[in-house]
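Colleague: Can you read through this structure? Questions will come right after.
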Amino acid sequence: MESLDIRRARRLALVRAGLLKPEWTRLPRRAAGSGKRARDAAHAVLRRFGYLQLDSVAVAGARSHGLVLLSRIEGFEPALAEALLKPGEPLFEYWGHEASWLPMELYPVFEFRRREYAVDPWWGDVLGEHREVADRLLERIRTDGPLRSLDLDGETPIGDGWYPKIAKRVARAFWSRGDLAIRERRNFQRSFDLAERVIPEEHRSRPMGLAESMRTLLERALAGHGWATTGTLARTWRLRNLRTQIDAALGELEAAGAIVRCALVGTDRRSTAGWIRPADLELAERAATLRPRRERGVLLSPFDPVLWDRQRVKTLFDFDQVLEIFKPPQDRVWGYYCLPVLAGDRLAARVDLKADRGRGRLDVLARHLEPGAAAADRALESALDRYARAVELAL
């Protein structure tokens with residue numbers, strides 16, 4: 001079995017994520033404006049992980065998907081992050097890690113999830129229980145064209161009446177099942193349309209079997225993480241109750257030479273079983289020779305692909321990643337929407353921000369430096385300055 005120490009695994013994770021030496025893995029470092037080059041750069045980041053998680057919170061001046069792109073692509077315009085999904089673009093919206101934008105080539109891969117969600121996992125058999133509303137909604141979209149989320153709030157009738165609460169659930173159930181697709185987002189509002197008018201026929205006509213889907217998703221997850229445990233790979237795609245299929249897929253990938261077993265060896269010499277792609281073993285060795293500039297920082301979304309697995313973050317960075325949005329204000333330690341600061345290869349600080357567009361200001365509500373982090377204060381100021389310029393607000 002191959003092995004990596006913590007430093008090599010941490011740096012490999014950052015290289016694969018486009019946060020350290022992105023040119024080594026052919027990810028963009030800079031793309032100004034909102035033209036084709038900037039869109040291509042965003043798509044390259046999205047393809048690296050296989051998903052870009054969506055979140056509606058914009059209190060810091062940009063939503064999570066914008067923060068992920070801003071942290072990797074200098075000069076990227078936050079407004080472009082909100083307009084990536086539109087007709088003709090090579091991505092679609094679906095349940096990936098969470099609700100996410102995904103590369104269009106993965107549409108056939110999620111056939112297993114569309115089948116699984118034939119009955120809505122949150123609200124049960126919404127389509128069966130509200131057959132009349134479902135039929136009216138589908139016919140209206142078929143006849144009149146895309147329907148915005150706003151229309152489902154009751155401003156526009158569905159058939160002979162208004163069914164705002166039911167209609168929203170029906171539309172989302174149709175989307176989860178695959179009858180509808182998200183055509184575009186404007187001001188973060190979704191527009192529902194028939195799947196055949198959104199997803200190219202070449203992707204709809206060849207649904208993938210479960211075994212191939214598992215191999216594809218697990219290998220794609222590993223490409224984003226560098227090194228990962230089986231649990232992290234499964235959680236990347238929220239793969240539940242599929243352990244037998246996951247183990248079989250990993251075994252097939254190993255037999256094909258696409259991945260190898262690799263233990264992570266901690267400072268206490270204890271090892272954690274995991275996986276790595278053969279080419280990334282060499283990449284980890286190259287990354288070990290780097291001398292990252294720890295006085296230059298960058299803000300990360302709390303939902304960044306590097307950060308959502310709290311145990312992995314604790315293992316690789318010795319950093320407690322906590323999101324306190326749902327805590328009462330008096331119980332928060334770090335802040336409502338606290339953004340970690342990456343400095344070199346370490347998470348050196350965290351900061352709670354609030355954008356005030358009316359005043360043109362970016363208010364720093366709280367800042368916290370990690371104990372013992374080298375040059376953490378300079379990294380924090382560097383990260384704040386870069387971010388404030390990106391979102392066009394003054395500190």
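Numbering starts fresh at 1 for the residues of each chain in the structure tokens, the chains themselves are lettered A, B, ... in the order given, and ligands are numbered from 1 as they appear.
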Would you list the contacts of Arg26 in chain A as a count of residues only, taking every protein, DNA or RNA residue within 12 Å and counting only C-alpha atoms, but skipping same-chain residues closer than 2 positions in sequence?

Modeller: 18

Colleague: Within 10 Å of Leu80 in chain A, counting only C-alpha atoms, which residues qualify if same-chain residues fewer than 4 places away don't, as a short mmCIF file (atom, residue, chain, number, x, y, z; two decimals) with all heavy atoms, in the first residue's frame?

Modeller:
data_model
loop_
_atom_site.label_atom_id
_atom_site.label_comp_id
_atom_site.auth_asym_id
_atom_site.auth_seq_id
_atom_site.Cartn_x
_atom_site.Cartn_y
_atom_site.Cartn_z
N GLY A 33 -13.11 40.04 -16.67
CA GLY A 33 -14.27 40.29 -17.51
C GLY A 33 -15.32 39.22 -17.37
O GLY A 33 -15.32 38.41 -16.44
N SER A 34 -16.25 39.21 -18.32
CA SER A 34 -17.35 38.26 -18.26
C SER A 34 -17.55 37.55 -19.59
O SER A 34 -18.63 37.02 -19.86
CB SER A 34 -18.65 38.98 -17.87
OG SER A 34 -18.93 40.03 -18.78
N GLY A 35 -16.53 37.56 -20.44
CA GLY A 35 -16.63 36.94 -21.75
C GLY A 35 -16.33 35.46 -21.74
O GLY A 35 -16.33 34.81 -20.68
N ALA A 38 -13.60 34.04 -19.32
CA ALA A 38 -14.02 33.93 -17.93
C ALA A 38 -14.98 32.77 -17.73
O ALA A 38 -14.91 32.03 -16.73
CB ALA A 38 -14.65 35.24 -17.48
N ARG A 39 -15.90 32.58 -18.67
CA ARG A 39 -16.83 31.46 -18.57
C ARG A 39 -16.08 30.13 -18.66
O ARG A 39 -16.37 29.19 -17.91
CB ARG A 39 -17.88 31.54 -19.67
CG ARG A 39 -18.96 32.58 -19.41
CD ARG A 39 -20.06 32.55 -20.45
NE ARG A 39 -21.16 33.42 -20.05
CZ ARG A 39 -22.15 33.06 -19.24
NH1 ARG A 39 -22.18 31.83 -18.76
NH2 ARG A 39 -23.09 33.91 -18.92
N ALA A 42 -14.47 29.40 -15.37
CA ALA A 42 -15.44 28.92 -14.38
C ALA A 42 -15.82 27.47 -14.65
O ALA A 42 -15.91 26.65 -13.72
CB ALA A 42 -16.69 29.80 -14.40
N GLY A 66 -20.14 31.87 -6.12
CA GLY A 66 -19.28 32.98 -6.53
C GLY A 66 -17.99 33.02 -5.73
O GLY A 66 -16.91 33.27 -6.29
N LEU A 69 -15.41 30.52 -7.01
CA LEU A 69 -14.76 30.96 -8.23
C LEU A 69 -13.82 32.14 -7.97
O LEU A 69 -12.71 32.20 -8.51
CB LEU A 69 -15.81 31.32 -9.28
CG LEU A 69 -16.69 30.14 -9.73
CD1 LEU A 69 -17.81 30.61 -10.63
CD2 LEU A 69 -15.85 29.07 -10.42
N PHE A 76 -12.06 37.59 -11.66
CA PHE A 76 -13.38 37.07 -12.01
C PHE A 76 -14.47 38.00 -11.48
O PHE A 76 -14.39 38.49 -10.36
CB PHE A 76 -13.55 35.67 -11.42
CG PHE A 76 -14.76 34.92 -11.90
CD1 PHE A 76 -14.73 34.26 -13.11
CD2 PHE A 76 -15.92 34.90 -11.16
CE1 PHE A 76 -15.84 33.57 -13.58
CE2 PHE A 76 -17.04 34.22 -11.60
CZ PHE A 76 -17.00 33.55 -12.82
N LEU A 84 -24.07 31.93 -14.82
CA LEU A 84 -23.44 30.81 -15.52
C LEU A 84 -24.46 29.87 -16.14
O LEU A 84 -24.24 29.33 -17.22
CB LEU A 84 -22.55 30.02 -14.57
CG LEU A 84 -21.16 30.59 -14.27
CD1 LEU A 84 -20.45 29.71 -13.26
CD2 LEU A 84 -20.34 30.73 -15.53
N LEU A 85 -25.57 29.65 -15.44
CA LEU A 85 -26.57 28.72 -15.95
C LEU A 85 -27.53 29.46 -16.88
O LEU A 85 -28.32 30.29 -16.45
CB LEU A 85 -27.36 28.09 -14.81
CG LEU A 85 -28.37 27.02 -15.24
CD1 LEU A 85 -27.65 25.79 -15.80
CD2 LEU A 85 -29.28 26.61 -14.10
#

Colleague: Can you tell me, as a PyMOL selection string, what residues are no more than 6 Å from range 172-183 of chain A when counting only C-alpha atoms, ignoring any on the same chain fewer than 2 positions away?

Modeller: chain A and resi 114+117-118+120+169-170+191-195+198

Colleague: Give the strand (DSSP E or B) residues of range 145-386 of chain A, as assigned by DSSP on the backbone, as an NGL selection string.

Modeller: :A and (147-148 or 158 or 161 or 180-186 or 189-194 or 227-228 or 260-265 or 271-276 or 297-299 or 338-343 or 346-356 or 361-369)

Colleague: Which residues, written as a PyMOL selection string, have at least one atom at most 8 Å from Gly297 in chain A, with only C-alpha atoms counted and residues fewer than 6 positions away on the same chain left out?

Modeller: chain A and resi 341-344+378-383

Colleague: How many Å lie between CA of Val306 in chain A and CA of Gly224 in chain A, rounded to one decimal?

Modeller: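 Between CA of Val306 in chain A and CA of Gly224 in chain A the gap is 8.8 Å.
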
Colleague: Between A:Arg312, A:Arg293, A:Arg63, A:Arg350, which has the minimum distance to Ala228 in chain A (counting only C-alpha atoms)?

Modeller: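 Of A:Arg312, A:Arg293, A:Arg63, A:Arg350, the one nearest Ala228 in chain A, counting only C-alpha atoms, is A:Arg312.
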
Colleague: From the DSSP assignment of the backbone, select every residue of range 159-199 of chain A that is alpha helix (DSSP H), and format the answer as a PyMOL selection string.

Modeller: chain A and resi 164-177

Colleague: Excluding same-chain residues fewer than 5 positions from Ala99 in chain A, what lies within 10 Å of it counting only C-alpha atoms, as a PyMOL selection string?

Modeller: chain A and resi 51-55+93-94

Colleague: Have a look at A:Leu67, A:Leu150, A:Ile199, A:Val57 and name the one nearest to Leu300 in chain A; count only C-alpha atoms.

Modeller: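 Residue with the minimum atom-to-atom distance to Leu300 in chain A: A:Leu67.
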
Colleague: For Gly209 in chain A, which residue out of A:Ala32, A:Cys262, A:Val109, A:Leu138 is the nearest one, using only C-alpha atoms?

Modeller: A:Val109

Colleague: Find the residues near Pro108 in chain A: any atom within 9 Å, counting only C-alpha atoms, skip ones fewer than 6 places away on the same chain, and give them as a list in words.

Modeller: His203, Arg204, Ser205, Arg206, Pro207, Met208, Gly209 and Ser213 of chain A

Colleague: Quick one: write out the picked residues with N, CA, C and O atoms as a JSON list (two decimals), in the first residue's frame?

Modeller:
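To be explicit, this is the file written out as result14.json:
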[["chain", "number", "residue", "atom", "x", "y", "z"],
["A", 203, "HIS", "N", -27.44, 13.57, -24.37],
["A", 203, "HIS", "CA", -27.23, 13.24, -22.96],
["A", 203, "HIS", "C", -28.46, 12.56, -22.35],
["A", 203, "HIS", "O", -28.32, 11.79, -21.40],
["A", 204, "ARG", "N", -29.63, 12.83, -22.90],
["A", 204, "ARG", "CA", -30.85, 12.21, -22.37],
["A", 204, "ARG", "C", -31.04, 10.80, -22.91],
["A", 204, "ARG", "O", -31.71, 9.97, -22.27],
["A", 205, "SER", "N", -30.48, 10.52, -24.06],
["A", 205, "SER", "CA", -30.78, 9.26, -24.74],
["A", 205, "SER", "C", -29.91, 8.10, -24.30],
["A", 205, "SER", "O", -30.12, 6.97, -24.75],
["A", 206, "ARG", "N", -28.93, 8.35, -23.44],
["A", 206, "ARG", "CA", -28.04, 7.25, -23.03],
["A", 206, "ARG", "C", -27.85, 7.24, -21.52],
["A", 206, "ARG", "O", -26.75, 7.47, -21.01],
["A", 207, "PRO", "N", -28.93, 6.98, -20.78],
["A", 207, "PRO", "CA", -28.80, 6.90, -19.32],
["A", 207, "PRO", "C", -27.79, 5.82, -18.92],
["A", 207, "PRO", "O", -27.70, 4.77, -19.56],
["A", 208, "MET", "N", -27.04, 6.10, -17.88],
["A", 208, "MET", "CA", -25.96, 5.22, -17.47],
["A", 208, "MET", "C", -26.42, 4.25, -16.39],
["A", 208, "MET", "O", -27.22, 4.63, -15.51],
["A", 209, "GLY", "N", -25.93, 3.04, -16.43],
["A", 209, "GLY", "CA", -26.25, 2.06, -15.39],
["A", 209, "GLY", "C", -25.57, 2.41, -14.07],
["A", 209, "GLY", "O", -24.60, 3.18, -14.03],
["A", 213, "SER", "N", -22.07, 4.44, -13.25],
["A", 213, "SER", "CA", -22.26, 5.73, -12.57],
["A", 213, "SER", "C", -21.38, 5.81, -11.33],
["A", 213, "SER", "O", -20.75, 6.84, -11.06]]
